[in-house]
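Enquirer: Below is one structure. I have some questions about it.
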Amino acid sequence: MSRLVVVSNRVAVPGENRAGGLAVGLLAALRERGGLWFGWSGKIARNGGTLHEQTDGDIRFVTMDLSRSDHDDYYNGFANRTLWPLLHFRLDLVDYDRGKREGYRRVNALFAEKLAPLLRDSDTVWIHDYHLIPLAAMLRERGIGCRIGFFLHVPMPSADLVVAMPEHARLFSSLYAYDLVGFQTRRDCDRFASYVRLFGGGRIVGDDLLEAPDGHRVRTGAFPISIDTQLIASQAKAATGKAAVRALRKSLEPRQLAIGVDRLDYSKGIPERFLGFERYLQRYPEQKGNLTYLQIAPISRGEVAEYQTLRNQLEQMAGHINGNHAAPDWTPLRYVNRNFAHATLTGFYRMARIGLVTPLRDGMNLVAKEFVAAQDPDDPGVLVLSILAGAADEMKEALIVNPHDLDGVADAIATASTMPRDERMERWRTMMEHLQKNDIGAWRQRYLAALESD
Ligand code: F6P
């Protein structure tokens, strides 16, 4: 078997707790097969490009520092102020700047320069997410001929949105340098094919097969990412004994818990969710006081202006909702910006009657899957899930909502809160069976089998 080399901006280096869904998923994938994981060290240094190396079991981690200006242009700038909003269908928030675009290319070139000498011809290289779209093309320019695959963790927007970005073709046609381009859902994959056909100068030549303008063929596919289902289930069961989980339970009694856990990001629809919860309080006065909504939203990308604005907005909204609806002995909405250990979160999920996952747009959303895996099989909670999350394609027995429809969200909360146990068990069982068959290991295997087949 060839050596697996994973490349992503964020790396879950041993001993660090701060990792998004992507890093958690990749760590689980690498644990099974071993290999090299290359990416940003998470550190800003006077001189970018310094490499750090450590090993944990079969995984070798090589990470690279970035200089302040590279980090500003590449991560805070082009990745998170241009590509992130574009890929989440938010043209209104796209900030395009040639200097930032060049910074993004410069950092991708730095990745290529540092990674190329570590690669062997027999390696399988798997590059992740919107931070590193041009990396394969830059590795190819440096003579790297091994198999290289790409996986986009976020949505692929429709072609008409993509073309609103200046020089879109220069960036998106660099995807032709990959052997396989993977997406979260079939719709993402189809939207990419349509972009290639309409604006990318290429052709669709078969199912999941595209031809670039130079005649080179690229395979595509839908590979919905998942979670380590068994691990989450056992972690959640064990977590019920943790002090933080017990303290939460005690503080709630006798009320039900509704929980939301999201990076503080405008794509997650947290303001709309707050309003949906308020609408629930208004429309279901007979249920008032039955449940407490805990929103955990760790600060994310705090140097980016849009994220600071969102933070201020949510603080105001939480104060407003509680001011209008709280009772002396009850705060309906608890809003917490700190992060918790992953195992503790699974304990919180297990205790909750309702999981609120209502993004305005999301590639997959692994909180939705983790919420299901964490439930007590004899008394499971109900997932309220946005139709605009990739996970809605699979978690069909959730209460599916449109996050823009506040009345619909309010109704779903009320339905979940009063849903009989039999119905909760039936819905949960079907989703859990799906997650047991389609876990993170199955995702890795499916993707790599496709990449490594001819
Ligand atoms: O899933 C999308 C993503 O951007 C991942 O690439 C990343 O790991 C996660 O969200 C967290 O974001 P960030 O790395 O910017 O903190």
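Chain lettering (A, B, ...) mirrors the order of the structure tokens, residue numbering begins at 1 for each chain separately, and ligand numbering begins at 1 in order of display.
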Which residues come within 9 Å of Met431 of chain A, counting only C-alpha atoms, excluding same-chain residues fewer than 4 positions away, as a PyMOL selection string?
Expert: chain A and resi 369+372-373+394-398+426-427+435-436
Enquirer: Next, write the just-selected residues to a file, as an mmCIF file, in the first residue's frame, keeping N, CA and C atoms as the atom set.
Expert:
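So part25.cif came out as:
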```cif
data_model
loop_
_atom_site.group_PDB
_atom_site.id
_atom_site.type_symbol
_atom_site.label_atom_id
_atom_site.label_comp_id
_atom_site.auth_asym_id
_atom_site.auth_seq_id
_atom_site.Cartn_x
_atom_site.Cartn_y
_atom_site.Cartn_z
ATOM 1 N N LYS A 369 -24.341 14.851 12.932
ATOM 2 C CA LYS A 369 -24.086 13.413 13.003
ATOM 3 C C LYS A 369 -23.644 13.016 14.417
ATOM 4 N N VAL A 372 -26.557 12.703 16.871
ATOM 5 C CA VAL A 372 -27.294 11.429 16.738
ATOM 6 C C VAL A 372 -26.499 10.294 17.395
ATOM 7 N N ALA A 373 -25.202 10.225 17.086
ATOM 8 C CA ALA A 373 -24.387 9.113 17.606
ATOM 9 C C ALA A 373 -24.290 9.135 19.126
ATOM 10 N N GLU A 394 -28.634 12.872 4.261
ATOM 11 C CA GLU A 394 -28.537 11.551 4.884
ATOM 12 C C GLU A 394 -29.418 11.415 6.119
ATOM 13 N N MET A 395 -29.497 12.454 6.938
ATOM 14 C CA MET A 395 -30.234 12.386 8.208
ATOM 15 C C MET A 395 -31.705 12.733 7.948
ATOM 16 N N LYS A 396 -32.355 11.889 7.176
ATOM 17 C CA LYS A 396 -33.700 12.213 6.693
ATOM 18 C C LYS A 396 -34.769 12.102 7.774
ATOM 19 N N GLU A 397 -34.458 11.373 8.834
ATOM 20 C CA GLU A 397 -35.452 11.212 9.903
ATOM 21 C C GLU A 397 -35.355 12.317 10.941
ATOM 22 N N ALA A 398 -34.471 13.271 10.716
ATOM 23 C CA ALA A 398 -34.454 14.464 11.576
ATOM 24 C C ALA A 398 -35.709 15.283 11.269
ATOM 25 N N GLU A 426 -37.651 5.470 16.963
ATOM 26 C CA GLU A 426 -37.727 4.997 15.579
ATOM 27 C C GLU A 426 -36.891 5.883 14.644
ATOM 28 N N ARG A 427 -37.062 7.172 14.811
ATOM 29 C CA ARG A 427 -36.297 8.103 13.960
ATOM 30 C C ARG A 427 -34.805 7.940 14.221
ATOM 31 N N LEU A 435 -25.378 5.821 10.227
ATOM 32 C CA LEU A 435 -24.062 6.310 10.679
ATOM 33 C C LEU A 435 -23.121 5.157 11.034
ATOM 34 N N GLN A 436 -23.699 4.048 11.460
ATOM 35 C CA GLN A 436 -22.825 2.908 11.765
ATOM 36 C C GLN A 436 -22.219 2.339 10.486
#
```
Enquirer: Residues within 6 Å of ligand 1, counting only C-alpha atoms and all ligand atoms: report them as a list in words.
Expert: Arg10, Gly20, Gly21, Leu22, Ala23, Asp129, His153, Val154, Ser300 and Arg301 of chain A
Enquirer: Name the residues in contact with Ala414 of chain A at a cut-off of 12 Å, using only C-alpha atoms, excluding same-chain residues fewer than 2 positions from it; report them as a PyMOL selection string.
Expert: chain A and resi 256+258+276-288+290-291+353-354+382+384+399+407-412+416-419
Enquirer: Using backbone DSSP assignments, extract all strand (DSSP E) residues from segment 79-306 of chain A; output them as a PyMOL selection string.
Expert: chain A and resi 124-128+147-151+180-183+203-206+209-211+217-222+256-261+291-296
Enquirer: Given the selection you just returned, output its residues as a file containing N, CA and C atoms, formatted as a tab-separated table (two decimals), in the first residue's frame.
Expert:
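Output file selection00.tsv follows:
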```
chain	number	residue	atom	x	y	z
A	124	THR	N	0.40	8.55	-2.09
A	124	THR	CA	-0.94	9.05	-2.43
A	124	THR	C	-1.12	10.32	-1.63
A	125	VAL	N	-1.32	11.43	-2.33
A	125	VAL	CA	-1.45	12.72	-1.64
A	125	VAL	C	-2.92	13.14	-1.66
A	126	TRP	N	-3.42	13.56	-0.48
A	126	TRP	CA	-4.83	13.92	-0.35
A	126	TRP	C	-4.90	15.33	0.24
A	127	ILE	N	-5.30	16.28	-0.58
A	127	ILE	CA	-5.31	17.70	-0.19
A	127	ILE	C	-6.74	18.13	0.15
A	128	HIS	N	-6.86	18.94	1.22
A	128	HIS	CA	-8.19	19.26	1.72
A	128	HIS	C	-8.51	20.74	1.72
A	147	ARG	N	-0.12	10.30	-7.42
A	147	ARG	CA	-1.56	10.55	-7.40
A	147	ARG	C	-1.88	11.66	-6.41
A	148	ILE	N	-2.72	12.59	-6.83
A	148	ILE	CA	-3.12	13.67	-5.91
A	148	ILE	C	-4.63	13.85	-5.99
A	149	GLY	N	-5.27	13.76	-4.83
A	149	GLY	CA	-6.71	13.96	-4.77
A	149	GLY	C	-7.04	15.21	-3.96
A	150	PHE	N	-8.24	15.74	-4.20
A	150	PHE	CA	-8.70	16.93	-3.47
A	150	PHE	C	-10.07	16.63	-2.91
A	151	PHE	N	-10.33	17.16	-1.71
A	151	PHE	CA	-11.68	17.05	-1.16
A	151	PHE	C	-12.12	18.42	-0.66
A	180	LEU	N	-8.53	13.22	-8.70
A	180	LEU	CA	-9.91	13.05	-8.23
A	180	LEU	C	-10.29	14.28	-7.41
A	181	VAL	N	-11.45	14.85	-7.72
A	181	VAL	CA	-11.95	15.98	-6.93
A	181	VAL	C	-13.24	15.51	-6.24
A	182	GLY	N	-13.21	15.48	-4.90
A	182	GLY	CA	-14.35	14.97	-4.14
A	182	GLY	C	-15.15	16.08	-3.50
A	183	PHE	N	-16.46	15.86	-3.42
A	183	PHE	CA	-17.38	16.82	-2.81
A	183	PHE	C	-18.21	16.10	-1.75
A	203	ARG	N	-15.43	19.92	-20.53
A	203	ARG	CA	-16.59	19.16	-20.99
A	203	ARG	C	-16.91	18.07	-19.98
A	204	ILE	N	-18.20	17.69	-19.94
A	204	ILE	CA	-18.57	16.52	-19.14
A	204	ILE	C	-18.49	15.33	-20.09
A	205	VAL	N	-17.63	14.35	-19.80
A	205	VAL	CA	-17.48	13.26	-20.77
A	205	VAL	C	-18.05	11.94	-20.26
A	206	GLY	N	-18.53	11.92	-19.05
A	206	GLY	CA	-19.14	10.70	-18.52
A	206	GLY	C	-19.60	10.96	-17.11
A	209	LEU	N	-16.92	12.22	-14.73
A	209	LEU	CA	-15.68	12.34	-15.51
A	209	LEU	C	-15.73	13.63	-16.33
A	210	LEU	N	-14.72	14.48	-16.11
A	210	LEU	CA	-14.67	15.76	-16.80
A	210	LEU	C	-13.42	15.83	-17.66
A	211	GLU	N	-13.51	16.63	-18.71
A	211	GLU	CA	-12.31	16.81	-19.54
A	211	GLU	C	-11.92	18.29	-19.52
A	217	ARG	N	-8.12	14.38	-18.35
A	217	ARG	CA	-9.38	14.00	-17.70
A	217	ARG	C	-9.28	14.02	-16.18
A	218	VAL	N	-10.34	14.45	-15.55
A	218	VAL	CA	-10.38	14.55	-14.09
A	218	VAL	C	-11.62	13.82	-13.60
A	219	ARG	N	-11.45	12.96	-12.60
A	219	ARG	CA	-12.60	12.29	-12.02
A	219	ARG	C	-13.17	13.12	-10.87
A	220	THR	N	-14.47	13.03	-10.67
A	220	THR	CA	-15.10	13.72	-9.54
A	220	THR	C	-15.98	12.71	-8.80
A	221	GLY	N	-16.48	13.08	-7.65
A	221	GLY	CA	-17.37	12.17	-6.93
A	221	GLY	C	-17.91	12.81	-5.67
A	222	ALA	N	-19.01	12.23	-5.17
A	222	ALA	CA	-19.60	12.68	-3.90
A	222	ALA	C	-19.20	11.69	-2.82
A	256	GLN	N	-36.08	20.41	30.09
A	256	GLN	CA	-35.39	19.79	28.96
A	256	GLN	C	-34.29	20.73	28.46
A	257	LEU	N	-33.34	20.12	27.73
A	257	LEU	CA	-32.26	20.91	27.15
A	257	LEU	C	-32.37	20.88	25.62
A	258	ALA	N	-32.27	22.06	25.01
A	258	ALA	CA	-32.05	22.14	23.55
A	258	ALA	C	-30.64	22.66	23.39
A	259	ILE	N	-29.86	22.05	22.50
A	259	ILE	CA	-28.46	22.47	22.40
A	259	ILE	C	-28.07	22.79	20.96
A	260	GLY	N	-27.23	23.82	20.82
A	260	GLY	CA	-26.60	24.13	19.54
A	260	GLY	C	-25.11	24.28	19.80
A	261	VAL	N	-24.28	23.71	18.95
A	261	VAL	CA	-22.83	23.85	19.09
A	261	VAL	C	-22.27	24.20	17.71
A	291	LEU	N	-38.24	24.19	28.52
A	291	LEU	CA	-36.90	23.85	28.03
A	291	LEU	C	-35.97	25.05	28.03
A	292	THR	N	-34.70	24.74	28.20
A	292	THR	CA	-33.64	25.74	28.18
A	292	THR	C	-32.77	25.48	26.96
A	293	TYR	N	-32.47	26.54	26.24
A	293	TYR	CA	-31.64	26.41	25.03
A	293	TYR	C	-30.22	26.86	25.36
A	294	LEU	N	-29.27	25.94	25.20
A	294	LEU	CA	-27.86	26.25	25.42
A	294	LEU	C	-27.17	26.36	24.07
A	295	GLN	N	-26.64	27.52	23.76
A	295	GLN	CA	-25.88	27.70	22.52
A	295	GLN	C	-24.42	27.86	22.87
A	296	ILE	N	-23.61	26.90	22.44
A	296	ILE	CA	-22.16	26.98	22.61
A	296	ILE	C	-21.58	27.44	21.28
```
Enquirer: Residues near Ser173 of chain A, anyone? I mean within 12 Å using only C-alpha atoms, not counting same-chain ones fewer than 6 positions away, as a list in words.
Expert: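 My list of contacting residues is Ile133, Pro134, Leu135, Ala136, Ala137, Val162, Glu167, Val181, Phe192, Ala193, Tyr195, Val196, Arg197, Phe199, Gly200, Gly201, Gly202, Leu210, Glu211, Ala212, Pro213, Asp214, His216 and Val218 of chain A.
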Enquirer: Find the spatial neighbours of segment 48-61 of chain A, counting only C-alpha atoms, within a cut-off of 12 Å - ignore same-chain residues fewer than 6 positions away - and output them as a ChimeraX atom specification.
Expert: /A:3-8,10-15,26-42,67-71,106-115,118
Enquirer: As a VMD selection string, please: all residues of segment 14-179 of chain A that backbone DSSP puts in helix (DSSP H, G or I).
Expert: chain A and resid 21 to 33 68 to 87 91 to 93 98 to 118 130 to 132 135 to 141 159 to 162 168 to 177
Enquirer: Have a look at atom CA of Tyr74 of chain A and atom CA of Asp188 of chain A and let me know their distance in Å, one decimal.
Expert: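 Rounded to one decimal, the two atoms are 24.1 Å apart.
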Enquirer: Could you give me, as JSON lines, a per-residue list for segment 240-358 of chain A showing, wherever an atom lies at most 12 Å from an atom of segment 85-93 of chain A, the closest pair of atoms and their distance in Å to one decimal, using only C-alpha atoms and sorting by chain then residue number from low to high?
Expert:
```
{"residue": "A:Asp265", "atom": "CA", "partner": "A:Pro85", "partner_atom": "CA", "distance": 10.4}
{"residue": "A:Tyr266", "atom": "CA", "partner": "A:Pro85", "partner_atom": "CA", "distance": 9.0}
{"residue": "A:Ser267", "atom": "CA", "partner": "A:His88", "partner_atom": "CA", "distance": 6.8}
{"residue": "A:Lys268", "atom": "CA", "partner": "A:His88", "partner_atom": "CA", "distance": 10.1}
{"residue": "A:Gly269", "atom": "CA", "partner": "A:His88", "partner_atom": "CA", "distance": 11.6}
{"residue": "A:Val304", "atom": "CA", "partner": "A:Leu93", "partner_atom": "CA", "distance": 11.6}
{"residue": "A:Ala305", "atom": "CA", "partner": "A:Leu93", "partner_atom": "CA", "distance": 10.5}
{"residue": "A:Glu306", "atom": "CA", "partner": "A:Leu93", "partner_atom": "CA", "distance": 8.0}
{"residue": "A:Tyr307", "atom": "CA", "partner": "A:Leu93", "partner_atom": "CA", "distance": 11.1}
```
Enquirer: Convert the current residue selection to file output with C-alpha atoms, as an mmCIF file, in the first residue's frame.
Expert:
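Generated output (out.cif):
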```cif
data_model
loop_
_atom_site.group_PDB
_atom_site.id
_atom_site.type_symbol
_atom_site.label_atom_id
_atom_site.label_comp_id
_atom_site.auth_asym_id
_atom_site.auth_seq_id
_atom_site.Cartn_x
_atom_site.Cartn_y
_atom_site.Cartn_z
ATOM 1 C CA ASP A 265 -19.698 31.788 11.974
ATOM 2 C CA TYR A 266 -22.355 33.564 9.908
ATOM 3 C CA SER A 267 -22.864 30.431 7.807
ATOM 4 C CA LYS A 268 -24.229 28.642 10.881
ATOM 5 C CA GLY A 269 -27.408 30.734 11.065
ATOM 6 C CA VAL A 304 -12.032 38.953 10.507
ATOM 7 C CA ALA A 305 -14.453 41.905 10.664
ATOM 8 C CA GLU A 306 -17.623 39.974 9.734
ATOM 9 C CA TYR A 307 -17.024 37.599 12.624
#
```
Enquirer: Write out as number ranges by chain which residues come within 10 Å of segment 338-350 of chain A when counting only C-alpha atoms, dropping same-chain ones fewer than 2 positions away.
Expert: A: 17-19, 24, 231-246, 248-249, 257-263, 294, 296-299, 335-336, 352-355, 367, 370-377, 379-381
Enquirer: Wanna dump the segment 112-205 of chain A-segment 389-392 of chain A contacts at 9 Å for me, each residue with its shortest atom pair and the distance in Å to one decimal, counting only C-alpha atoms, ordered by chain and number, as a Markdown table?
Expert:
```
| residue | atom | partner | partner_atom | distance |
| --- | --- | --- | --- | --- |
| A:Pro155 | CA | A:Gly390 | CA | 8.0 |
| A:Gln184 | CA | A:Gly390 | CA | 6.8 |
| A:Thr185 | CA | A:Gly390 | CA | 6.4 |
```
